[in-house]
>>> print(open('entry_38.txt').read())   # compact mmCIF, C-alpha atoms (C1' of nucleotides)
# COMPACT_ATOMS: atom_id res chain seq x y z
CA MET A 224 -23.90 7.90 -11.59
CA SER A 225 -22.58 10.25 -9.01
CA GLY A 226 -20.98 13.33 -10.53
CA ARG A 227 -19.99 14.48 -7.09
CA ARG A 228 -18.06 11.34 -6.38
CA THR A 229 -16.09 11.75 -9.59
CA GLU A 230 -15.52 15.41 -8.86
CA LEU A 231 -14.10 14.54 -5.45
CA GLU A 232 -11.79 11.91 -6.90
CA ILE A 233 -10.47 14.27 -9.55
CA SER A 234 -9.89 17.09 -7.09
CA ALA A 235 -8.20 14.74 -4.64
CA ILE A 236 -5.89 13.36 -7.32
CA ASP A 237 -4.87 16.86 -8.29
CA THR A 238 -4.04 17.79 -4.71
CA VAL A 239 -2.13 14.61 -3.96
CA GLN A 240 -0.07 15.01 -7.13
CA ARG A 241 1.01 18.37 -5.76
CA VAL A 242 1.46 17.92 -2.03
CA GLY A 243 0.98 14.23 -1.25
CA MET A 244 -1.61 12.18 0.53
CA GLN A 245 -0.65 13.44 3.98
CA ASN A 246 -1.46 16.99 2.98
CA LEU A 247 -4.88 16.13 1.66
CA SER A 248 -7.51 16.48 4.35
CA PHE A 249 -11.21 15.75 4.13
CA ARG A 250 -11.85 19.41 4.81
CA THR A 251 -9.60 20.92 2.17
CA LEU A 252 -10.95 18.45 -0.35
CA ALA A 253 -14.52 19.30 0.63
CA ASP A 254 -13.76 23.01 0.35
CA GLN A 255 -12.29 22.58 -3.11
CA VAL A 256 -15.43 20.86 -4.32
CA GLY A 257 -17.86 22.98 -2.31
CA VAL A 258 -19.32 20.45 0.10
CA ARG A 259 -18.88 19.57 3.76
CA SER A 260 -16.24 17.15 4.95
CA SER A 261 -18.91 14.73 6.08
CA SER A 262 -20.10 14.50 2.50
CA VAL A 263 -16.67 13.29 1.51
CA HIS A 264 -16.96 10.66 4.21
CA TYR A 265 -20.29 9.68 2.72
CA TYR A 266 -18.61 8.60 -0.50
CA PHE A 267 -15.31 7.52 1.03
CA PRO A 268 -15.78 6.40 4.63
CA GLU A 269 -12.07 6.24 5.36
CA LYS A 270 -9.12 7.94 3.78
CA SER A 271 -7.90 4.62 2.46
CA ASP A 272 -11.15 4.29 0.49
CA LEU A 273 -10.43 7.62 -1.11
CA ALA A 274 -6.86 6.60 -1.88
CA SER A 275 -8.08 3.40 -3.45
CA ALA A 276 -10.55 5.21 -5.71
CA MET A 277 -7.87 7.69 -6.72
CA ILE A 278 -5.34 5.06 -7.70
CA GLN A 279 -7.93 3.11 -9.67
CA ARG A 280 -9.04 6.21 -11.54
CA TYR A 281 -5.43 7.15 -12.22
CA ILE A 282 -4.70 3.66 -13.55
CA GLY A 283 -7.75 3.90 -15.79
CA GLU A 284 -6.75 7.24 -17.23
CA PHE A 285 -3.20 6.02 -17.69
CA ASN A 286 -4.33 2.98 -19.62
CA GLU A 287 -6.52 5.15 -21.82
CA GLN A 288 -3.48 7.21 -22.69
CA LEU A 289 -1.50 4.08 -23.53
CA THR A 290 -4.29 2.87 -25.79
CA ARG A 291 -4.34 6.21 -27.56
CA ILE A 292 -0.57 6.08 -28.02
CA ASP A 293 -0.89 2.61 -29.55
CA GLN A 294 -3.51 3.86 -31.97
CA ARG A 295 -1.85 7.06 -33.05
CA ASN A 296 1.83 6.17 -33.26
CA ALA A 297 3.41 3.69 -35.60
CA THR A 298 7.11 3.77 -34.88
CA LEU A 299 8.98 2.83 -31.74
CA ARG A 300 10.38 6.29 -31.44
CA LYS A 301 7.02 7.99 -31.71
CA LYS A 302 5.51 5.66 -29.16
CA LEU A 303 8.29 6.22 -26.66
CA GLU A 304 8.23 9.96 -27.11
CA ALA A 305 4.48 9.96 -26.65
CA PHE A 306 4.99 7.93 -23.49
CA LEU A 307 7.48 10.50 -22.28
CA GLY A 308 4.88 13.11 -23.17
CA ILE A 309 2.62 11.75 -20.43
CA PHE A 310 5.26 12.63 -17.87
CA GLU A 311 6.05 15.92 -19.51
CA LYS A 312 2.45 16.98 -19.09
CA VAL A 313 2.65 16.13 -15.40
CA ILE A 314 5.80 18.11 -14.69
CA LYS A 315 4.56 21.07 -16.71
CA ALA A 316 1.56 21.22 -14.41
CA ASP A 317 4.03 21.28 -11.52
CA LYS A 318 2.78 17.93 -10.32
CA PHE A 319 4.27 14.55 -9.62
CA CYS A 320 2.89 11.20 -10.71
CA LEU A 321 0.07 10.23 -8.33
CA CYS A 322 1.43 6.72 -7.92
CA GLY A 323 4.99 7.97 -7.59
CA MET A 324 3.81 10.24 -4.81
CA MET A 325 1.99 7.43 -3.07
CA ALA A 326 5.01 5.17 -3.60
CA ALA A 327 6.99 7.55 -1.42
CA GLU A 328 4.31 7.17 1.25
CA VAL A 329 4.01 3.42 0.72
CA LEU A 330 4.70 2.49 4.34
CA VAL A 331 1.58 4.29 5.51
CA LEU A 332 -0.69 2.66 2.91
CA ASN A 333 -2.69 -0.47 3.55
CA ASP A 334 -2.01 -3.71 1.69
CA ASP A 335 -4.80 -3.22 -0.84
CA ASN A 336 -3.53 0.17 -1.91
CA ARG A 337 0.02 -1.05 -2.00
CA ALA A 338 -1.10 -3.78 -4.38
CA LEU A 339 -2.88 -1.22 -6.55
CA LEU A 340 0.29 0.84 -6.75
CA ALA A 341 2.31 -2.20 -7.74
CA GLU A 342 -0.28 -2.86 -10.42
CA TYR A 343 0.18 0.60 -11.87
CA PHE A 344 3.93 0.27 -12.24
CA GLN A 345 3.64 -3.27 -13.50
CA GLN A 346 1.18 -2.25 -16.21
CA ALA A 347 3.40 0.61 -17.33
CA GLU A 348 6.40 -1.66 -17.55
CA ASP A 349 4.42 -4.36 -19.32
CA TRP A 350 3.25 -1.89 -21.93
CA LEU A 351 6.80 -0.66 -22.51
CA LYS A 352 8.14 -4.19 -22.68
CA THR A 353 5.58 -5.10 -25.32
CA VAL A 354 6.39 -1.99 -27.32
CA PHE A 355 10.10 -2.81 -27.23
CA LYS A 356 9.42 -6.39 -28.26
CA GLU A 357 7.13 -5.41 -31.11
CA HIS A 358 9.74 -3.06 -32.55
CA LYS A 359 12.82 -5.11 -31.84
CA LYS A 360 14.28 -4.20 -35.21
CA GLN A 361 14.20 -0.48 -34.41
CA LEU A 362 15.98 -1.10 -31.14
CA SER A 363 19.70 -0.43 -30.89
CA SER A 364 20.46 -1.47 -27.35
CA PRO A 365 22.02 -4.62 -25.97
CA LEU A 366 19.57 -4.50 -23.08
CA LYS A 367 16.49 -6.72 -23.06
CA PRO A 368 13.00 -5.24 -23.48
CA LYS A 369 12.13 -6.06 -19.90
CA VAL A 370 15.18 -4.27 -18.56
CA LEU A 371 14.66 -1.30 -20.84
CA ALA A 372 11.06 -1.07 -19.68
CA LYS A 373 12.07 -0.93 -16.03
CA LEU A 374 14.87 1.47 -16.83
CA LEU A 375 12.64 3.89 -18.65
CA MET A 376 9.71 3.75 -16.26
CA SER A 377 11.76 4.32 -13.13
CA GLY A 378 13.90 6.83 -15.00
CA LEU A 379 10.89 8.91 -15.93
CA GLU A 380 9.47 8.77 -12.43
CA GLY A 381 12.80 9.87 -11.02
CA ALA A 382 13.19 12.53 -13.67
CA ILE A 383 9.97 14.34 -12.89
CA LEU A 384 10.59 13.92 -9.17
CA LEU A 385 13.97 15.64 -9.40
CA ASP A 386 12.99 18.22 -12.00
CA ARG A 387 10.25 19.51 -9.76
CA VAL A 388 12.84 20.50 -7.17
CA ASP A 389 14.55 23.14 -9.30
CA GLY A 390 11.61 23.81 -11.56
CA GLY A 391 13.56 22.81 -14.65
CA SER A 392 13.27 19.90 -17.04
CA SER A 393 16.87 18.81 -17.44
CA ARG A 394 16.29 15.25 -16.21
CA LEU A 395 13.31 14.74 -18.46
CA SER A 396 15.43 15.99 -21.36
CA ALA A 397 18.08 13.46 -20.43
CA GLN A 398 15.44 10.73 -20.63
CA ARG A 399 14.50 11.97 -24.08
CA GLU A 400 18.09 11.74 -25.17
CA PHE A 401 18.25 8.26 -23.74
CA ILE A 402 15.21 7.20 -25.76
CA ARG A 403 16.77 8.56 -28.93
CA SER A 404 20.00 6.76 -28.17
CA ILE A 405 18.34 3.35 -28.04
CA VAL A 406 16.14 3.78 -31.12
CA ARG A 407 17.63 3.19 -34.52
CA MET B 133 28.82 19.68 20.94
CA SER B 134 25.37 18.43 21.59
CA GLY B 135 25.06 14.69 21.24
CA ARG B 136 21.36 14.99 21.73
CA ARG B 137 21.01 17.29 18.77
CA THR B 138 22.83 14.81 16.56
CA GLU B 139 20.77 11.97 17.95
CA LEU B 140 17.59 13.82 17.07
CA GLU B 141 18.76 14.55 13.56
CA ILE B 142 19.72 10.94 12.93
CA SER B 143 16.46 9.59 14.29
CA ALA B 144 14.47 12.11 12.29
CA ILE B 145 16.30 11.25 9.08
CA ASP B 146 15.58 7.58 9.62
CA THR B 147 11.88 8.22 10.13
CA VAL B 148 11.53 10.55 7.17
CA GLN B 149 13.28 8.08 4.90
CA ARG B 150 10.57 5.60 5.82
CA VAL B 151 7.36 7.56 6.06
CA GLY B 152 8.08 11.11 4.93
CA MET B 153 8.26 14.49 6.57
CA GLN B 154 4.51 14.74 7.10
CA ASN B 155 4.53 11.62 9.23
CA LEU B 156 7.28 12.84 11.47
CA SER B 157 5.95 14.70 14.48
CA PHE B 158 7.84 16.37 17.27
CA ARG B 159 6.26 13.92 19.66
CA THR B 160 7.14 10.71 17.83
CA LEU B 161 10.67 11.98 17.31
CA ALA B 162 10.95 12.89 20.99
CA ASP B 163 9.65 9.46 21.99
CA GLN B 164 12.17 7.72 19.78
CA VAL B 165 15.01 9.57 21.41
CA GLY B 166 13.55 9.56 24.92
CA VAL B 167 12.92 13.22 25.53
CA ARG B 168 9.89 15.54 25.52
CA SER B 169 8.66 17.23 22.41
CA SER B 170 9.53 20.62 23.84
CA SER B 171 13.16 19.52 23.99
CA VAL B 172 13.07 18.94 20.26
CA HIS B 173 11.75 22.47 19.86
CA TYR B 174 14.69 23.66 21.93
CA TYR B 175 17.12 22.48 19.26
CA PHE B 176 14.84 23.00 16.27
CA PRO B 177 12.32 25.76 16.96
CA GLU B 178 10.27 25.04 13.87
CA LYS B 179 9.86 21.95 11.78
CA SER B 180 11.60 23.65 8.89
CA ASP B 181 14.70 24.06 11.10
CA LEU B 182 14.67 20.34 11.68
CA ALA B 183 14.25 19.65 7.97
CA SER B 184 17.13 21.95 7.17
CA ALA B 185 19.44 20.21 9.63
CA MET B 186 18.42 16.83 8.27
CA ILE B 187 19.13 17.71 4.65
CA GLN B 188 22.49 19.24 5.54
CA ARG B 189 23.51 16.19 7.52
CA TYR B 190 22.34 13.92 4.70
CA ILE B 191 24.34 15.92 2.16
CA GLY B 192 27.39 15.69 4.38
CA GLU B 193 27.14 11.93 4.76
CA PHE B 194 26.51 11.58 1.04
CA ASN B 195 29.63 13.56 0.18
CA GLU B 196 31.67 11.46 2.59
CA GLN B 197 30.53 8.36 0.73
CA LEU B 198 31.47 9.90 -2.60
CA THR B 199 34.93 10.75 -1.27
CA ARG B 200 35.37 7.20 -0.06
CA ILE B 201 34.32 5.87 -3.48
CA ASP B 202 36.87 8.11 -5.13
CA GLN B 203 39.59 6.81 -2.84
CA ARG B 204 38.79 3.13 -3.03
CA ASN B 205 37.83 2.59 -6.64
CA ALA B 206 40.02 3.03 -9.65
CA THR B 207 37.89 2.08 -12.64
CA LEU B 208 34.76 3.70 -13.99
CA ARG B 209 32.82 0.53 -13.51
CA LYS B 210 33.82 0.12 -9.89
CA LYS B 211 33.00 3.71 -9.12
CA LEU B 212 29.57 3.50 -10.69
CA GLU B 213 28.76 0.24 -9.00
CA ALA B 214 29.86 1.67 -5.69
CA PHE B 215 27.60 4.65 -6.37
CA LEU B 216 24.74 2.29 -7.04
CA GLY B 217 25.67 0.57 -3.80
CA ILE B 218 24.68 3.70 -1.89
CA PHE B 219 21.14 3.31 -3.17
CA GLU B 220 21.17 -0.42 -2.69
CA LYS B 221 21.90 0.08 0.99
CA VAL B 222 18.93 2.42 1.25
CA ILE B 223 16.42 0.11 -0.39
CA LYS B 224 17.69 -2.88 1.60
CA ALA B 225 16.85 -0.95 4.77
CA ASP B 226 13.37 -0.46 3.31
CA LYS B 227 13.93 3.26 3.10
CA PHE B 228 13.84 5.88 0.39
CA CYS B 229 16.42 8.59 -0.22
CA LEU B 230 15.83 11.42 2.27
CA CYS B 231 16.07 14.05 -0.44
CA GLY B 232 13.96 12.02 -2.84
CA MET B 233 11.31 11.81 -0.14
CA MET B 234 11.45 15.54 0.48
CA ALA B 235 11.45 16.18 -3.26
CA ALA B 236 8.02 14.58 -3.37
CA GLU B 237 6.92 17.01 -0.67
CA VAL B 238 8.72 19.94 -2.27
CA LEU B 239 5.64 22.16 -2.49
CA VAL B 240 5.30 22.26 1.28
CA LEU B 241 8.96 23.12 1.90
CA ASN B 242 10.25 26.64 2.29
CA ASP B 243 12.63 28.20 -0.20
CA ASP B 244 15.75 27.54 1.86
CA ASN B 245 15.05 23.85 2.12
CA ARG B 246 14.11 23.65 -1.52
CA ALA B 247 17.49 25.15 -2.35
CA LEU B 248 19.22 22.63 -0.11
CA LEU B 249 17.45 19.81 -1.91
CA ALA B 250 18.47 21.18 -5.28
CA GLU B 251 22.02 21.33 -3.97
CA TYR B 252 21.95 17.65 -3.07
CA PHE B 253 20.88 16.53 -6.52
CA GLN B 254 23.25 18.96 -8.21
CA GLN B 255 26.21 17.65 -6.22
CA ALA B 256 25.36 14.06 -7.04
CA GLU B 257 25.09 14.85 -10.72
CA ASP B 258 28.28 16.88 -10.66
CA TRP B 259 30.17 14.03 -9.09
CA LEU B 260 28.85 11.58 -11.69
CA LYS B 261 29.62 13.97 -14.52
CA THR B 262 33.19 14.34 -13.32
CA VAL B 263 33.58 10.58 -13.03
CA PHE B 264 32.29 10.09 -16.57
CA LYS B 265 34.61 12.77 -17.89
CA GLU B 266 37.64 11.40 -16.09
CA HIS B 267 37.08 7.94 -17.55
CA LYS B 268 35.92 8.93 -20.98
CA LYS B 269 37.93 6.13 -22.55
CA GLN B 270 36.04 3.49 -20.58
CA LEU B 271 32.75 4.95 -21.67
CA SER B 272 30.82 3.30 -24.49
CA SER B 273 27.82 5.55 -24.84
CA PRO B 274 27.05 8.27 -27.34
CA LEU B 275 25.51 10.33 -24.56
CA LYS B 276 27.43 13.15 -22.96
CA PRO B 277 28.71 12.89 -19.36
CA LYS B 278 26.26 15.52 -18.19
CA VAL B 279 23.31 13.66 -19.68
CA LEU B 280 24.50 10.33 -18.36
CA ALA B 281 24.86 11.84 -14.92
CA LYS B 282 21.28 13.11 -14.89
CA LEU B 283 20.07 9.84 -16.36
CA LEU B 284 21.73 7.73 -13.72
CA MET B 285 20.88 9.92 -10.74
CA SER B 286 17.20 10.23 -11.56
CA GLY B 287 17.14 6.60 -12.65
CA LEU B 288 18.46 5.43 -9.30
CA GLU B 289 16.06 7.65 -7.37
CA GLY B 290 13.18 6.32 -9.41
CA ALA B 291 14.43 2.76 -9.09
CA ILE B 292 14.45 2.68 -5.31
CA LEU B 293 11.15 4.56 -5.23
CA LEU B 294 9.44 1.92 -7.37
CA ASP B 295 11.21 -1.09 -5.90
CA ARG B 296 9.96 -0.21 -2.45
CA VAL B 297 6.38 -0.68 -3.65
CA ASP B 298 6.69 -4.40 -4.35
CA GLY B 299 9.58 -5.02 -2.02
CA GLY B 300 11.78 -6.28 -4.84
CA SER B 301 14.90 -4.91 -6.48
CA SER B 302 14.16 -5.37 -10.17
CA ARG B 303 14.50 -1.68 -11.04
CA LEU B 304 17.77 -1.32 -9.23
CA SER B 305 19.00 -4.39 -11.11
CA ALA B 306 17.98 -2.73 -14.36
CA GLN B 307 20.08 0.28 -13.39
CA ARG B 308 23.02 -2.03 -12.76
CA GLU B 309 22.60 -3.54 -16.21
CA PHE B 310 22.45 -0.05 -17.65
CA ILE B 311 25.72 0.86 -15.97
CA ARG B 312 27.37 -2.24 -17.38
CA SER B 313 26.04 -1.45 -20.82
CA ILE B 314 27.71 1.95 -20.94
CA VAL B 315 31.07 0.87 -19.54
CA ARG B 316 33.58 -0.71 -21.83
C1' DC C 18 24.99 33.69 38.56
C1' DT C 19 24.40 32.50 34.31
C1' DC C 20 24.00 29.26 30.57
C1' DT C 21 22.57 24.83 28.75
C1' DA C 22 19.51 21.32 28.48
C1' DT C 23 15.94 19.72 29.75
C1' DC C 24 11.15 19.46 31.98
C1' DT C 25 5.74 20.37 32.91
C1' DA C 26 1.86 22.41 31.35
C1' DT C 27 -0.80 24.39 28.10
C1' DC C 28 -2.73 26.67 23.77
C1' DT C 29 -4.88 26.78 19.40
C1' DA C 30 -5.69 24.68 15.16
C1' DA C 31 -6.49 20.89 12.41
C1' DT C 32 -7.44 16.13 11.68
C1' DG C 33 -10.15 11.70 10.75
C1' DA C 34 -14.26 10.05 12.00
C1' DT C 35 -19.15 9.49 13.65
C1' DA C 36 -24.01 10.36 14.95
C1' DG C 37 -28.02 11.91 13.60
C1' DG C 38 -30.97 14.99 10.81
C1' DT C 39 -33.36 16.33 6.31
C1' DA C 40 -34.98 17.41 1.59
C1' DG C 41 -36.10 15.33 -2.40
C1' DA C 42 -36.44 11.50 -5.60
C1' DC C 43 -37.96 6.86 -6.32
C1' DT C 44 -40.95 2.62 -5.57
C1' DG C 45 -44.28 -0.58 -4.80
C1' DA C 46 -49.04 -1.44 -2.61
C1' DC C 47 -53.58 -0.21 -2.39
C1' DG D 261 -53.37 8.35 -8.48
C1' DT D 262 -51.56 8.55 -4.11
C1' DC D 263 -49.32 7.60 -0.21
C1' DA D 264 -46.13 5.22 3.12
C1' DG D 265 -41.69 3.65 3.02
C1' DT D 266 -37.05 3.74 1.46
C1' DC D 267 -32.91 5.45 -0.66
C1' DT D 268 -29.63 9.09 -2.09
C1' DA D 269 -27.07 12.90 -1.21
C1' DC D 270 -26.16 15.84 1.33
C1' DC D 271 -26.23 18.67 5.93
C1' DT D 272 -25.09 20.26 11.18
C1' DA D 273 -22.83 19.29 15.13
C1' DT D 274 -19.58 17.13 17.67
C1' DC D 275 -15.73 14.05 19.40
C1' DA D 276 -11.22 12.45 20.58
C1' DT D 277 -6.72 12.79 18.98
C1' DT D 278 -2.89 14.81 17.34
C1' DA D 279 -0.32 18.56 15.60
C1' DG D 280 3.11 22.52 15.98
C1' DA D 281 4.28 25.78 19.04
C1' DT D 282 5.14 28.53 23.41
C1' DA D 283 5.71 29.99 28.34
C1' DG D 284 7.79 29.30 32.30
C1' DA D 285 10.13 26.31 35.82
C1' DT D 286 14.31 23.73 37.16
C1' DA D 287 18.55 21.20 37.87
C1' DG D 288 23.24 20.98 37.13
C1' DA D 289 27.74 22.77 35.18
C1' DG D 290 31.15 26.13 34.94
>>> encode(input="entry_38.txt", output="C-alpha cells")
Amino acid sequence: MSGRRTELEISAIDTVQRVGMQNLSFRTLADQVGVRSSSVHYYFPEKSDLASAMIQRYIGEFNEQLTRIDQRNATLRKKLEAFLGIFEKVIKADKFCLCGMMAAEVLVLNDDNRALLAEYFQQAEDWLKTVFKEHKKQLSSPLKPKVLAKLLMSGLEGAILLDRVDGGSSRLSAQREFIRSIVR
Amino acid sequence: MSGRRTELEISAIDTVQRVGMQNLSFRTLADQVGVRSSSVHYYFPEKSDLASAMIQRYIGEFNEQLTRIDQRNATLRKKLEAFLGIFEKVIKADKFCLCGMMAAEVLVLNDDNRALLAEYFQQAEDWLKTVFKEHKKQLSSPLKPKVLAKLLMSGLEGAILLDRVDGGSSRLSAQREFIRSIVR
DNA sequence: CTCTATCTATCTAATGATAGGTAGACTGAC
DNA sequence: GTCAGTCTACCTATCATTAGATAGATAGAG
C-alpha cells in the first residue's frame, strides 16, 4: 500500500482537470506533493503510466458514485438529477471532467489510454441507458434509451466545458431543464 | 495584406484543432509553413497573440457559415441539420472545435482570449435562439428557444469531443435524432 | 532610405527521462 | 538472535531536447 502513489494520482488528477495533461509536469506534480520529480518517475516511469493510473482511478471513483446513486435514489428523475450533480460538483470546483479533458488531447495519447477513455464514456452511457430502460414508464420522450444516454452524457460534458469559459452555469441549467422535460 | 500571416493562422488552427494549443509550438508551426520560428514571432510576438488571431479567424469563418445557412435553408429542420453539418465536417476531419479545444485549456488563457472564446459560444447560441424563435411554429418542444440553443450548442460540442475518442459518430447521430425530435 | 519580411544565432527556462546513491525495513540462513 | 542480502521509497545530479522569446543582420520593394 503506497500512500504516496495515491497522493500523486489524486494531485495529478486535480491538476489535469484544471489545466490539462500538457500542463502537468513531473516537477509541478512533485512540488505539489512534496517530493522530487524523480520520485514521481519511480512510481510512474513515463507520463503515459501516470495518465493510465489517473484514468483508472477516475473511472473507479465515477463508478462508486453511480453505485451510490443507484442505492439512494428511487425515481428516474432523482437518479438523473443526481447524475447531473456529479458534473455540477466538477464545474463548481472550476474543473473539467478528467476524461473530457483527455478526450480533447486524445491524439497525443497512446492506444491503451485511448481505450481507457472510451471505456469511461461507454460505462457512463451504459449506466444511463440502463436507468432509462428500468424506468421506461417515467420516460416521456420518443427517443430510445440508448440515444438519450448518449445525448445526456455528451450534453453534460459539453455543458461543463462551455460553462467554464464564462464562469456561469447556464448550459448545465439547460441540461437540467432537458432532464425534467423528458421525465414524466 | 500578408498571405504568410494568413497561412500561419490557418495552419495553427488546424494543428490546435487536432492536438491543442499546448502542442503547438512556434517551431512546428514554422516548419509546417516553411519559415523559421522567428518569422512566426514577427507576426505574432507572443503565443497569446497567435491564439487571439486564431480565435478571431475561427469566429469569422463560423459566422460566414451561419450566414450561408440562413441564405440557403428555409425550414427549421434544414437550418438545424445544416448547423449540425458544421460539426460533422469537423469530426470527419478528425478534429475538435477550435474554441472547444481552447475552452478545455481556458485556465491557461489570458483574459482577452477568454473573452473571445465566450464571444464565440455566445454568438452560436444567439444564432440558434433566433432560429428557434423565428420558426416557433415548427418547434415541438416545451423548452424555450434560449434553453434549446444552449442545449444544442453544448450537446454538439460534447458530441464531437466524445466521438473523437472511439472514432465513431454515435453521439453526433444522437444529436441529429434530438433535432428531429424537437422539429415538427 | 526606409519599411517589410524574412533570416541566423542565441538565451534562459522548463521538460521528460535516466543513472546511480542511500536510509531503513524486511527476510531467510546460520 | 543476528547478520548478509534484498527490496522499497525515496534522494541528488545530470542529460538532451524543446520551449518561448529576443537581438541583430539582410535582401528586396517602393
>>> closest_residue(input="entry_38.txt", among="A:Val239, A:Leu231, A:Ile292, A:Val331", to="Tyr266 (chain A)", atoms="all atoms listed in the file")
A:Leu231
>>> interface_residues(input="entry_38.txt", of="chain A", to="chain D", cutoff="9 Å", atoms="only C-alpha atoms (C1' of nucleotides)", output="VMD selection string")
chain A and resid 258 to 259 261 to 262 265
>>> closest_residue(input="entry_38.txt", among="C:DA34, C:DC24, C:DC47, C:DA40", to="chain A", atoms="only C-alpha atoms (C1' of nucleotides)")
C:DA34
>>> interface_residues(input="entry_38.txt", of="chain C", to="chain A", cutoff="10 Å", atoms="all atoms listed in the file", output="PyMOL selection string")
chain C and resi 31-35
>>> residues_around(input="entry_38.txt", residues="Pro368 (chain A)", least_positions_apart="4", cutoff="7 Å", atoms="only C-alpha atoms (C1' of nucleotides)", output="number ranges by chain")
A: 352, 355-356, 372
>>> atom_distance(input="entry_38.txt", atom1="CA of Leu273 (chain A)", atom2="CA of Glu232 (chain A)")
7.3 Å
>>> interface_residues(input="entry_38.txt", of="chain B", to="chain A", cutoff="9 Å", atoms="all atoms listed in the file", output="PyMOL selection string")
chain B and resi 149-152+154-155+228+232-233+235-240+246-247+249-250+253+273-275+278-294+296-298+302-307+309-310+313
>>> atom_distance(input="entry_38.txt", atom1="CA of Ile233 (chain A)", atom2="CA of Phe310 (chain A)")
17.9 Å
>>> residues_around(input="entry_38.txt", residues="Arg189 (chain B)", least_positions_apart="2", cutoff="12 Å", atoms="all atoms listed in the file", output="tab-separated table (two decimals) with C-alpha atoms, in the frame of the given file")
chain	number	residue	atom	x	y	z
B	137	ARG	CA	21.01	17.29	18.77
B	138	THR	CA	22.83	14.81	16.56
B	139	GLU	CA	20.77	11.97	17.95
B	140	LEU	CA	17.59	13.82	17.07
B	141	GLU	CA	18.76	14.55	13.56
B	142	ILE	CA	19.72	10.94	12.93
B	143	SER	CA	16.46	9.59	14.29
B	144	ALA	CA	14.47	12.11	12.29
B	145	ILE	CA	16.30	11.25	9.08
B	146	ASP	CA	15.58	7.58	9.62
B	182	LEU	CA	14.67	20.34	11.68
B	183	ALA	CA	14.25	19.65	7.97
B	184	SER	CA	17.13	21.95	7.17
B	185	ALA	CA	19.44	20.21	9.63
B	186	MET	CA	18.42	16.83	8.27
B	187	ILE	CA	19.13	17.71	4.65
B	191	ILE	CA	24.34	15.92	2.16
B	192	GLY	CA	27.39	15.69	4.38
B	193	GLU	CA	27.14	11.93	4.76
B	194	PHE	CA	26.51	11.58	1.04
B	195	ASN	CA	29.63	13.56	0.18
B	196	GLU	CA	31.67	11.46	2.59
B	230	LEU	CA	15.83	11.42	2.27
B	231	CYS	CA	16.07	14.05	-0.44
B	248	LEU	CA	19.22	22.63	-0.11
B	249	LEU	CA	17.45	19.81	-1.91
B	252	TYR	CA	21.95	17.65	-3.07
>>> atom_distance(input="entry_38.txt", atom1="CA of Ala253 (chain A)", atom2="CA of Asn333 (chain A)")
23.2 Å
>>> closest_residue(input="entry_38.txt", among="B:Arg204, B:Arg209, B:Asn245, B:Gly217", to="Ser180 (chain B)", atoms="only C-alpha atoms")
B:Asn245
